[in-house]
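Step one of this worksheet: look at the structure below.
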Amino acid sequence: RCFPFFRNHGILGVARSMPTSAALDRVAAARGWTCHETPTGWKFFGNLMDAGLISLCGEESFGTSGSHIREKDGLWAVLAWLSILAYRNLDVKSGDDSWISVRDILQEHWFKYGRNYYGRYDYEKVDSLSAERVMERLRSQMNDNSAAFRVDEFEYEDPIDHTVARHQGLRVIFTDGARVVFRLSGTGSSGATIRIYLERFEPPRATTEAPEAAASRLLQSAKQALTSLASFALELGDVHALTGRSGPSVIT
């Protein structure tokens with residue numbers, strides 16, 4: 001409703017890169033849109049847009065785009081949010097304290113669709129051999145039987161040209177909807193970067209749930225909500241012992 005192009009042409013489908021939050025999947029399911037999960041890299045989105053399979057796509061690094069304006073810079077996301085704010089505040093007069101903010105829209109979204117708490121730990125300039133050992137430790141658990149989670153390695157067959165992209169990241173997928181993704185990059189002489197993506201889902205407000213109770217679940221800080229999942233992930237990959245690090249270089 002906020003974008004004239006999509007009001008006139010509809011949404012053909014949506015796509016996200018595999019490490020990106022699965023919040024998009026929940027909205028797509030509710031709206032009846034097909035949601036594609038691709039490897040990291042804009043060529044995969046381009047193929048889907050060229051084939052007329054998607055109208056919107058994005059990656060967790062804030063690259064977002066649409067079929068009408070194929071610009072992946074963060075500026076696209078800024079202009080999209082400005083369009084949303086303008087639409088939601090059409091009837092608000094200047095100086096009126098009923099202005100609907102980004103925070104208001106986010107909280108409304110979480111209460112309706114649930115919240116995907118999301119974060120990323122980066123371990124930069126790790127010795128390449130040590131980084132590979134972390135990944136191998138995770139691969140060794142791919143066939144383990146666990147009632148709580150499973151480990152797999154993401155691969156993708158392009159529905160357009162049928163090329164297959166393998167070894168796109170190791171996923172730890174939990175039965176409660178949480179997941180952890182381990183990806184390795186830059187394995188040259190300067191060291192490797194281990195990226196650990198953390199995601200935990202909190203269901204939307206139930207019809208019988210008091211607003212205060214829902215808020216206590218849905219309005220936590222991401223750091224607080226992901227603490228136990230992060231600890232589990234680091235232990236599962238034995239990250240600190242194998243890399244000699246005491247913590248991540250960057251947390252986002």
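To be explicit about the labels: the chains of the structure tokens are called A, B, and onward in the order shown, and within each one the residues are counted from 1, while ligands get numbers from 1 in the order they are shown.
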
Quick one: residues within 8 Å of segment 8-23 of chain A, only C-alpha atoms counted, chain neighbours fewer than 3 positions away excluded, as a ChimeraX atom specification?
/A:4-5,26-28,33-41,45,52-60,115-116,118,181,197,199

Only N, CA and C atoms, please: the residues just picked out, written as an mmCIF file, in the first residue's frame.
```cif
data_model
loop_
_atom_site.group_PDB
_atom_site.id
_atom_site.type_symbol
_atom_site.label_atom_id
_atom_site.label_comp_id
_atom_site.auth_asym_id
_atom_site.auth_seq_id
_atom_site.Cartn_x
_atom_site.Cartn_y
_atom_site.Cartn_z
ATOM 1 N N PRO A 4 3.387 3.025 -4.752
ATOM 2 C CA PRO A 4 2.483 3.005 -5.908
ATOM 3 C C PRO A 4 2.756 1.854 -6.877
ATOM 4 N N PHE A 5 4.036 1.540 -7.125
ATOM 5 C CA PHE A 5 4.363 0.480 -8.075
ATOM 6 C C PHE A 5 3.759 -0.850 -7.627
ATOM 7 N N ARG A 26 7.806 -15.280 7.360
ATOM 8 C CA ARG A 26 6.539 -15.280 8.105
ATOM 9 C C ARG A 26 5.534 -14.320 7.473
ATOM 10 N N VAL A 27 6.018 -13.166 7.044
ATOM 11 C CA VAL A 27 5.129 -12.215 6.374
ATOM 12 C C VAL A 27 4.680 -12.789 5.040
ATOM 13 N N ALA A 28 5.609 -13.395 4.303
ATOM 14 C CA ALA A 28 5.272 -13.976 3.005
ATOM 15 C C ALA A 28 4.210 -15.064 3.154
ATOM 16 N N TRP A 33 2.659 -15.034 -0.428
ATOM 17 C CA TRP A 33 3.744 -14.815 -1.390
ATOM 18 C C TRP A 33 4.731 -15.979 -1.331
ATOM 19 N N THR A 34 5.324 -16.303 -2.448
ATOM 20 C CA THR A 34 6.422 -17.269 -2.475
ATOM 21 C C THR A 34 7.687 -16.582 -1.969
ATOM 22 N N CYS A 35 8.394 -17.251 -1.067
ATOM 23 C CA CYS A 35 9.633 -16.689 -0.512
ATOM 24 C C CYS A 35 10.794 -17.590 -0.899
ATOM 25 N N HIS A 36 11.785 -17.022 -1.581
ATOM 26 C CA HIS A 36 12.963 -17.761 -2.028
ATOM 27 C C HIS A 36 14.125 -17.494 -1.067
ATOM 28 N N GLU A 37 14.834 -18.556 -0.705
ATOM 29 C CA GLU A 37 16.029 -18.457 0.146
ATOM 30 C C GLU A 37 17.237 -18.758 -0.728
ATOM 31 N N THR A 38 18.122 -17.779 -0.900
ATOM 32 C CA THR A 38 19.239 -17.917 -1.832
ATOM 33 C C THR A 38 20.579 -17.841 -1.097
ATOM 34 N N PRO A 39 21.662 -18.227 -1.756
ATOM 35 C CA PRO A 39 22.984 -17.946 -1.193
ATOM 36 C C PRO A 39 23.237 -16.434 -1.169
ATOM 37 N N THR A 40 24.270 -16.025 -0.461
ATOM 38 C CA THR A 40 24.665 -14.617 -0.463
ATOM 39 C C THR A 40 25.214 -14.258 -1.845
ATOM 40 N N GLY A 41 24.764 -13.137 -2.393
ATOM 41 C CA GLY A 41 25.222 -12.712 -3.713
ATOM 42 C C GLY A 41 24.053 -12.232 -4.549
ATOM 43 N N PHE A 45 19.497 -13.018 -6.829
ATOM 44 C CA PHE A 45 18.309 -12.161 -6.881
ATOM 45 C C PHE A 45 18.027 -11.708 -8.313
ATOM 46 N N GLY A 52 10.851 -12.839 -13.440
ATOM 47 C CA GLY A 52 9.540 -12.394 -12.978
ATOM 48 C C GLY A 52 9.007 -13.163 -11.788
ATOM 49 N N LEU A 53 9.928 -13.726 -10.981
ATOM 50 C CA LEU A 53 9.505 -14.528 -9.834
ATOM 51 C C LEU A 53 9.440 -13.735 -8.534
ATOM 52 N N ILE A 54 10.143 -12.617 -8.461
ATOM 53 C CA ILE A 54 10.135 -11.816 -7.231
ATOM 54 C C ILE A 54 10.007 -10.329 -7.548
ATOM 55 N N SER A 55 9.492 -9.613 -6.548
ATOM 56 C CA SER A 55 9.400 -8.146 -6.642
ATOM 57 C C SER A 55 10.278 -7.455 -5.623
ATOM 58 N N LEU A 56 10.605 -8.150 -4.522
ATOM 59 C CA LEU A 56 11.405 -7.570 -3.441
ATOM 60 C C LEU A 56 12.456 -8.570 -2.995
ATOM 61 N N CYS A 57 13.627 -8.059 -2.593
ATOM 62 C CA CYS A 57 14.682 -8.943 -2.114
ATOM 63 C C CYS A 57 15.599 -8.175 -1.175
ATOM 64 N N GLY A 58 16.377 -8.922 -0.378
ATOM 65 C CA GLY A 58 17.291 -8.241 0.527
ATOM 66 C C GLY A 58 18.251 -9.180 1.218
ATOM 67 N N GLU A 59 19.351 -8.585 1.721
ATOM 68 C CA GLU A 59 20.356 -9.301 2.498
ATOM 69 C C GLU A 59 20.491 -8.648 3.872
ATOM 70 N N GLU A 60 21.081 -9.397 4.801
ATOM 71 C CA GLU A 60 21.165 -8.914 6.182
ATOM 72 C C GLU A 60 22.080 -7.711 6.341
ATOM 73 N N ARG A 115 8.312 -11.785 16.599
ATOM 74 C CA ARG A 115 9.607 -11.124 16.427
ATOM 75 C C ARG A 115 10.725 -12.130 16.238
ATOM 76 N N ASN A 116 11.536 -11.904 15.220
ATOM 77 C CA ASN A 116 12.747 -12.685 15.007
ATOM 78 C C ASN A 116 13.918 -11.905 15.588
ATOM 79 N N TYR A 118 17.544 -11.117 16.254
ATOM 80 C CA TYR A 118 18.598 -11.426 15.285
ATOM 81 C C TYR A 118 19.886 -10.687 15.637
ATOM 82 N N VAL A 181 23.695 -19.757 12.040
ATOM 83 C CA VAL A 181 24.380 -19.979 10.766
ATOM 84 C C VAL A 181 25.855 -19.633 10.948
ATOM 85 N N TYR A 197 25.623 -16.130 12.702
ATOM 86 C CA TYR A 197 24.329 -15.446 12.688
ATOM 87 C C TYR A 197 23.403 -16.146 13.676
ATOM 88 N N GLU A 199 19.542 -16.322 15.520
ATOM 89 C CA GLU A 199 18.146 -15.920 15.332
ATOM 90 C C GLU A 199 17.233 -16.766 16.225
#
```

Can you pull out the residues contacting segment 173-177 of chain A? Cut-off 9 Å, using only C-alpha atoms, and skip same-chain residues under 3 positions away; I want them as a PyMOL selection string.
chain A and resi 147-152+180-181+199-202

Preceding selection exported with all heavy atoms as an mmCIF file, in the first residue's frame:
```
data_model
loop_
_atom_site.group_PDB
_atom_site.id
_atom_site.type_symbol
_atom_site.label_atom_id
_atom_site.label_comp_id
_atom_site.auth_asym_id
_atom_site.auth_seq_id
_atom_site.Cartn_x
_atom_site.Cartn_y
_atom_site.Cartn_z
ATOM 1 N N ALA A 147 17.073 -34.415 19.423
ATOM 2 C CA ALA A 147 15.657 -34.072 19.428
ATOM 3 C C ALA A 147 15.446 -32.568 19.355
ATOM 4 O O ALA A 147 14.351 -32.101 19.024
ATOM 5 C CB ALA A 147 15.000 -34.625 20.700
ATOM 6 N N ALA A 148 16.487 -31.796 19.641
ATOM 7 C CA ALA A 148 16.342 -30.346 19.735
ATOM 8 C C ALA A 148 16.786 -29.598 18.485
ATOM 9 O O ALA A 148 16.268 -28.513 18.187
ATOM 10 C CB ALA A 148 17.118 -29.826 20.939
ATOM 11 N N PHE A 149 17.757 -30.143 17.742
ATOM 12 C CA PHE A 149 18.283 -29.406 16.582
ATOM 13 C C PHE A 149 18.915 -30.366 15.589
ATOM 14 O O PHE A 149 19.175 -31.531 15.888
ATOM 15 C CB PHE A 149 19.321 -28.369 17.024
ATOM 16 C CG PHE A 149 20.582 -28.966 17.590
ATOM 17 C CD1 PHE A 149 21.674 -29.258 16.770
ATOM 18 C CD2 PHE A 149 20.692 -29.251 18.950
ATOM 19 C CE1 PHE A 149 22.832 -29.820 17.277
ATOM 20 C CE2 PHE A 149 21.849 -29.815 19.472
ATOM 21 C CZ PHE A 149 22.921 -30.101 18.632
ATOM 22 N N ARG A 150 19.166 -29.836 14.382
ATOM 23 C CA ARG A 150 19.912 -30.573 13.362
ATOM 24 C C ARG A 150 20.925 -29.627 12.714
ATOM 25 O O ARG A 150 20.728 -28.411 12.683
ATOM 26 C CB ARG A 150 18.983 -31.153 12.300
ATOM 27 C CG ARG A 150 18.220 -30.115 11.486
ATOM 28 C CD ARG A 150 17.285 -30.780 10.470
ATOM 29 N NE ARG A 150 16.404 -29.819 9.817
ATOM 30 C CZ ARG A 150 16.724 -29.121 8.742
ATOM 31 N NH1 ARG A 150 17.926 -29.284 8.191
ATOM 32 N NH2 ARG A 150 15.874 -28.265 8.202
ATOM 33 N N VAL A 151 22.008 -30.182 12.199
ATOM 34 C CA VAL A 151 23.038 -29.412 11.516
ATOM 35 C C VAL A 151 23.040 -29.819 10.051
ATOM 36 O O VAL A 151 23.042 -31.016 9.730
ATOM 37 C CB VAL A 151 24.432 -29.669 12.137
ATOM 38 C CG1 VAL A 151 25.496 -28.860 11.395
ATOM 39 C CG2 VAL A 151 24.427 -29.322 13.625
ATOM 40 N N ASP A 152 23.017 -28.820 9.148
ATOM 41 C CA ASP A 152 23.144 -29.134 7.734
ATOM 42 C C ASP A 152 23.999 -28.068 7.044
ATOM 43 O O ASP A 152 24.371 -27.066 7.660
ATOM 44 C CB ASP A 152 21.781 -29.298 7.051
ATOM 45 C CG ASP A 152 20.995 -27.987 6.919
ATOM 46 O OD1 ASP A 152 21.558 -26.894 7.171
ATOM 47 O OD2 ASP A 152 19.798 -28.043 6.581
ATOM 48 N N VAL A 180 21.094 -21.016 13.997
ATOM 49 C CA VAL A 180 22.418 -20.406 13.998
ATOM 50 C C VAL A 180 23.049 -20.740 12.658
ATOM 51 O O VAL A 180 22.942 -21.877 12.178
ATOM 52 C CB VAL A 180 23.296 -20.943 15.143
ATOM 53 C CG1 VAL A 180 24.677 -20.304 15.092
ATOM 54 C CG2 VAL A 180 22.644 -20.691 16.488
ATOM 55 N N VAL A 181 23.695 -19.757 12.040
ATOM 56 C CA VAL A 181 24.380 -19.979 10.766
ATOM 57 C C VAL A 181 25.855 -19.633 10.948
ATOM 58 O O VAL A 181 26.194 -18.566 11.478
ATOM 59 C CB VAL A 181 23.779 -19.111 9.644
ATOM 60 C CG1 VAL A 181 24.583 -19.268 8.356
ATOM 61 C CG2 VAL A 181 22.317 -19.474 9.411
ATOM 62 N N GLU A 199 19.542 -16.322 15.520
ATOM 63 C CA GLU A 199 18.146 -15.920 15.332
ATOM 64 C C GLU A 199 17.233 -16.766 16.225
ATOM 65 O O GLU A 199 17.336 -17.992 16.250
ATOM 66 C CB GLU A 199 17.742 -16.082 13.866
ATOM 67 C CG GLU A 199 16.342 -15.601 13.568
ATOM 68 C CD GLU A 199 16.062 -15.516 12.078
ATOM 69 O OE1 GLU A 199 16.773 -16.184 11.292
ATOM 70 O OE2 GLU A 199 15.127 -14.790 11.693
ATOM 71 N N ARG A 200 16.370 -16.064 16.945
ATOM 72 C CA ARG A 200 15.395 -16.752 17.801
ATOM 73 C C ARG A 200 14.026 -16.125 17.594
ATOM 74 O O ARG A 200 13.887 -14.901 17.614
ATOM 75 C CB ARG A 200 15.801 -16.644 19.274
ATOM 76 C CG ARG A 200 14.854 -17.363 20.218
ATOM 77 C CD ARG A 200 15.374 -17.359 21.645
ATOM 78 N NE ARG A 200 15.220 -16.087 22.320
ATOM 79 C CZ ARG A 200 14.083 -15.645 22.871
ATOM 80 N NH1 ARG A 200 12.975 -16.345 22.786
ATOM 81 N NH2 ARG A 200 14.060 -14.487 23.515
ATOM 82 N N PHE A 201 13.007 -16.957 17.410
ATOM 83 C CA PHE A 201 11.666 -16.463 17.137
ATOM 84 C C PHE A 201 10.816 -16.419 18.398
ATOM 85 O O PHE A 201 10.797 -17.361 19.186
ATOM 86 C CB PHE A 201 10.973 -17.342 16.100
ATOM 87 C CG PHE A 201 9.556 -16.923 15.805
ATOM 88 C CD1 PHE A 201 9.300 -15.699 15.191
ATOM 89 C CD2 PHE A 201 8.485 -17.737 16.135
ATOM 90 C CE1 PHE A 201 7.997 -15.298 14.914
ATOM 91 C CE2 PHE A 201 7.194 -17.352 15.862
ATOM 92 C CZ PHE A 201 6.942 -16.126 15.242
ATOM 93 N N GLU A 202 10.138 -15.298 18.575
ATOM 94 C CA GLU A 202 9.174 -15.129 19.671
ATOM 95 C C GLU A 202 7.795 -14.945 19.034
ATOM 96 O O GLU A 202 7.600 -14.052 18.211
ATOM 97 C CB GLU A 202 9.534 -13.908 20.517
ATOM 98 C CG GLU A 202 8.820 -13.825 21.844
ATOM 99 C CD GLU A 202 9.183 -14.934 22.815
ATOM 100 O OE1 GLU A 202 10.379 -15.264 22.941
ATOM 101 O OE2 GLU A 202 8.253 -15.485 23.445
#
```

Surrounding residues of Trp81 of chain A excluding itself and chain neighbours under 5 positions, 10 Å, only C-alpha atoms, as a list in words
Cys2, Leu75, Trp76, Ala86, Tyr87 and Val102 of chain A

Backbone DSSP call of strand (DSSP E) for segment 34-247 of chain A, listed as JSON, numbers by chain:
{"A": [35, 36, 37, 38, 56, 57, 58, 64, 65, 66, 115, 116, 117, 118, 119, 120, 121, 122, 123, 124, 125, 126, 149, 150, 151, 152, 153, 156, 157, 164, 165, 170, 171, 172, 173, 174, 179, 180, 181, 182, 183, 184, 185, 186, 187, 188, 191, 192, 193, 194, 195, 196, 197, 198, 199, 200, 201, 202]}

Selected residue of minimal separation from Phe154 of chain A among A:Ser128, A:Ser221, A:Gln168, A:Thr208, counting only C-alpha atoms:
A:Gln168

Students should find that atom CA of Arg195 of chain A and atom CA of Arg70 of chain A are spaced 26.9 Å

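Ranking A:Phe111, A:Arg88, A:Glu153, A:Gly119 by their shortest atom-to-atom distance to Ala213 of chain A, with only C-alpha atoms included, puts A:Phe111 first.
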
Using backbone DSSP assignments, extract all helix (DSSP H, G or I) residues from segment 15-218 of chain A; output them as a PyMOL selection string.
chain A and resi 23-31+42-50+74-88+102-113+128-139+211-218

Of A:Asp122, A:Phe44, A:Leu184, A:Phe6, the one sitting nearest Gly66 of chain A when using only C-alpha atoms is A:Phe6
